[in-house]
Amino acid sequence: MVMLYDYLDRRVSELDDDDIFVLSAVRTWVFAARNGFCVQARLRSGFTKRHIAETLLPFLCAMALLDRHGYGTMRFAEVCYPNLSDDEARVLNLFAAARIDNPRLIRIAVGLVSDDMAVQLADATAEVGRALCLRSS
């Protein structure tokens with residue numbers, strides 16, 4: 001079972017391919033949203049190349065929920081930054097739990113967003129997680 005501690009104080013180069021993909025997508029979303037770019041256009045090719053284009057909208061939904069209903073201001077590094085921040089570790093833990101259908105997924109979501117948005121966040125990340133698992137198998 002993946003735990004938050006598996007991600008804390010890690011370098012991006014130590015992560016598996018799915019984690020690197022998710023982290024890159026998260027960082028790209030943050031960069032695009034903060035700089036007035038279309039996040040969907042910035043992310044579409046990466047999701048298409050991984051054959052999970054159908055999960056782009058659930059991913060965008062998850063990120064919007066984190067952005068609008070998250071607790072406090074989360075900090076994310078630039079796309080090429082070699083280390084993980086604490087907030088990035090928390091988000092990776094959420095997506096990792098979704099990939100393995102971890103029953104703790106909803107509790108992890110509750111720790112990131114307001115209670116009334118946690119189920120939506122868990123559902124959106126679960127769709128991405130299932131697609132990553134299907135693609136990997």
# chains A, B, ... in the order shown; residues from 1 in each chain; ligands from 1
$ residues_around --residues "Glu78 of chain A" --least-positions-apart "4" --cutoff "9 Å" --atoms "only C-alpha atoms" --output "PyMOL selection string"
chain A and resi 27-28+30-31
$ closest_atom_pairs --of "segment 104-130 of chain A" --to "segment 54-65 of chain A" --cutoff "8 Å" --atoms "only C-alpha atoms" --output "JSON lines"
{"residue": "A:Val113", "atom": "CA", "partner": "A:Leu65", "partner_atom": "CA", "distance": 7.3}
{"residue": "A:Met117", "atom": "CA", "partner": "A:Leu65", "partner_atom": "CA", "distance": 7.2}
{"residue": "A:Gln120", "atom": "CA", "partner": "A:Ala62", "partner_atom": "CA", "distance": 7.8}
{"residue": "A:Leu121", "atom": "CA", "partner": "A:Ala62", "partner_atom": "CA", "distance": 5.3}
{"residue": "A:Ala124", "atom": "CA", "partner": "A:Pro58", "partner_atom": "CA", "distance": 4.8}
{"residue": "A:Thr125", "atom": "CA", "partner": "A:Ala62", "partner_atom": "CA", "distance": 6.3}
{"residue": "A:Glu127", "atom": "CA", "partner": "A:Thr55", "partner_atom": "CA", "distance": 6.5}
{"residue": "A:Val128", "atom": "CA", "partner": "A:Thr55", "partner_atom": "CA", "distance": 5.4}
$ residues_around --residues "Trp29 of chain A" --least-positions-apart "6" --cutoff "9 Å" --atoms "only C-alpha atoms" --output "JSON list (two decimals) with N, CA and C atoms, in the first residue's frame"
[["chain", "number", "residue", "atom", "x", "y", "z"],
["A", 38, "CYS", "N", -4.84, 27.58, -21.67],
["A", 38, "CYS", "CA", -5.88, 26.54, -21.64],
["A", 38, "CYS", "C", -5.26, 25.26, -21.10],
["A", 39, "VAL", "N", -5.71, 24.84, -19.92],
["A", 39, "VAL", "CA", -5.12, 23.65, -19.31],
["A", 39, "VAL", "C", -5.43, 22.39, -20.12],
["A", 40, "GLN", "N", -6.60, 22.33, -20.70],
["A", 40, "GLN", "CA", -6.96, 21.15, -21.48],
["A", 40, "GLN", "C", -6.04, 21.02, -22.69],
["A", 42, "ARG", "N", -3.01, 22.18, -22.97],
["A", 42, "ARG", "CA", -1.66, 21.87, -22.50],
["A", 42, "ARG", "C", -1.49, 20.41, -22.12],
["A", 43, "LEU", "N", -2.55, 19.76, -21.70],
["A", 43, "LEU", "CA", -2.45, 18.38, -21.20],
["A", 43, "LEU", "C", -2.90, 17.31, -22.19],
["A", 60, "LEU", "N", -8.97, 16.99, -14.98],
["A", 60, "LEU", "CA", -9.22, 18.44, -14.88],
["A", 60, "LEU", "C", -10.19, 18.74, -13.74],
["A", 63, "MET", "N", -8.34, 18.43, -10.41],
["A", 63, "MET", "CA", -7.47, 19.59, -10.17],
["A", 63, "MET", "C", -8.29, 20.83, -9.82]]
$ residues_around --residues "Arg130 of chain A" --least-positions-apart "4" --cutoff "8 Å" --atoms "only C-alpha atoms" --output "list in words"
Ala98, Arg99, Asp101, Ala126 and Leu134 of chain A
$ closest_residue --among "A:Asn102, A:Asp87, A:Leu8, A:Leu132" --to "Leu66 of chain A" --atoms "only C-alpha atoms"
A:Asp87
$ atom_distance --atom1 "atom CA of Asp16 of chain A" --atom2 "atom CA of Leu92 of chain A"
11.3 Å
$ closest_residue --among "A:Met74, A:Ile106, A:Ala97, A:Ile52" --to "Ala131 of chain A" --atoms "only C-alpha atoms"
A:Ile52
$ closest_residue --among "A:Leu112, A:Ala122, A:Phe47, A:Leu23" --to "Arg68 of chain A" --atoms "only C-alpha atoms"
A:Leu112
$ closest_residue --among "A:Glu14, A:Arg104, A:Cys133, A:Val79" --to "Val26 of chain A" --atoms "only C-alpha atoms"
A:Val79
$ select_by_dssp --residues "chain A" --states "strand (DSSP E or B)" --output "PDB file with N, CA, C and O atoms, in the first residue's frame"
ATOM      1  N   ARG A  11      13.066  12.515  -4.876  1.00  0.00           N
ATOM      2  CA  ARG A  11      13.402  13.154  -6.139  1.00  0.00           C
ATOM      3  C   ARG A  11      12.472  12.585  -7.205  1.00  0.00           C
ATOM      4  O   ARG A  11      12.085  11.413  -7.130  1.00  0.00           O
ATOM      5  N   GLY A  70      -9.766  23.146  -1.922  1.00  0.00           N
ATOM      6  CA  GLY A  70      -8.687  22.617  -1.096  1.00  0.00           C
ATOM      7  C   GLY A  70      -8.484  23.427   0.168  1.00  0.00           C
ATOM      8  O   GLY A  70      -8.868  24.595   0.247  1.00  0.00           O
ATOM      9  N   ASN A  83      12.738  17.850  -7.306  1.00  0.00           N
ATOM     10  CA  ASN A  83      12.279  17.319  -6.020  1.00  0.00           C
ATOM     11  C   ASN A  83      10.778  17.493  -5.863  1.00  0.00           C
ATOM     12  O   ASN A  83      10.160  18.326  -6.525  1.00  0.00           O
ATOM     13  N   VAL A 113      -9.595  18.332   0.531  1.00  0.00           N
ATOM     14  CA  VAL A 113     -10.664  19.272   0.177  1.00  0.00           C
ATOM     15  C   VAL A 113     -11.763  19.235   1.228  1.00  0.00           C
ATOM     16  O   VAL A 113     -11.803  18.333   2.061  1.00  0.00           O
TER      17      VAL A 113
END
$ select_by_dssp --residues "segment 8-130 of chain A" --states "helix (DSSP H, G or I)" --output "PyMOL selection string"
chain A and resi 12-14+17-34+39-49+53-69+86-99+105-110+115-130
$ closest_residue --among "A:Leu105, A:Leu84, A:Ala25, A:Val110" --to "Arg44 of chain A" --atoms "only C-alpha atoms"
A:Ala25
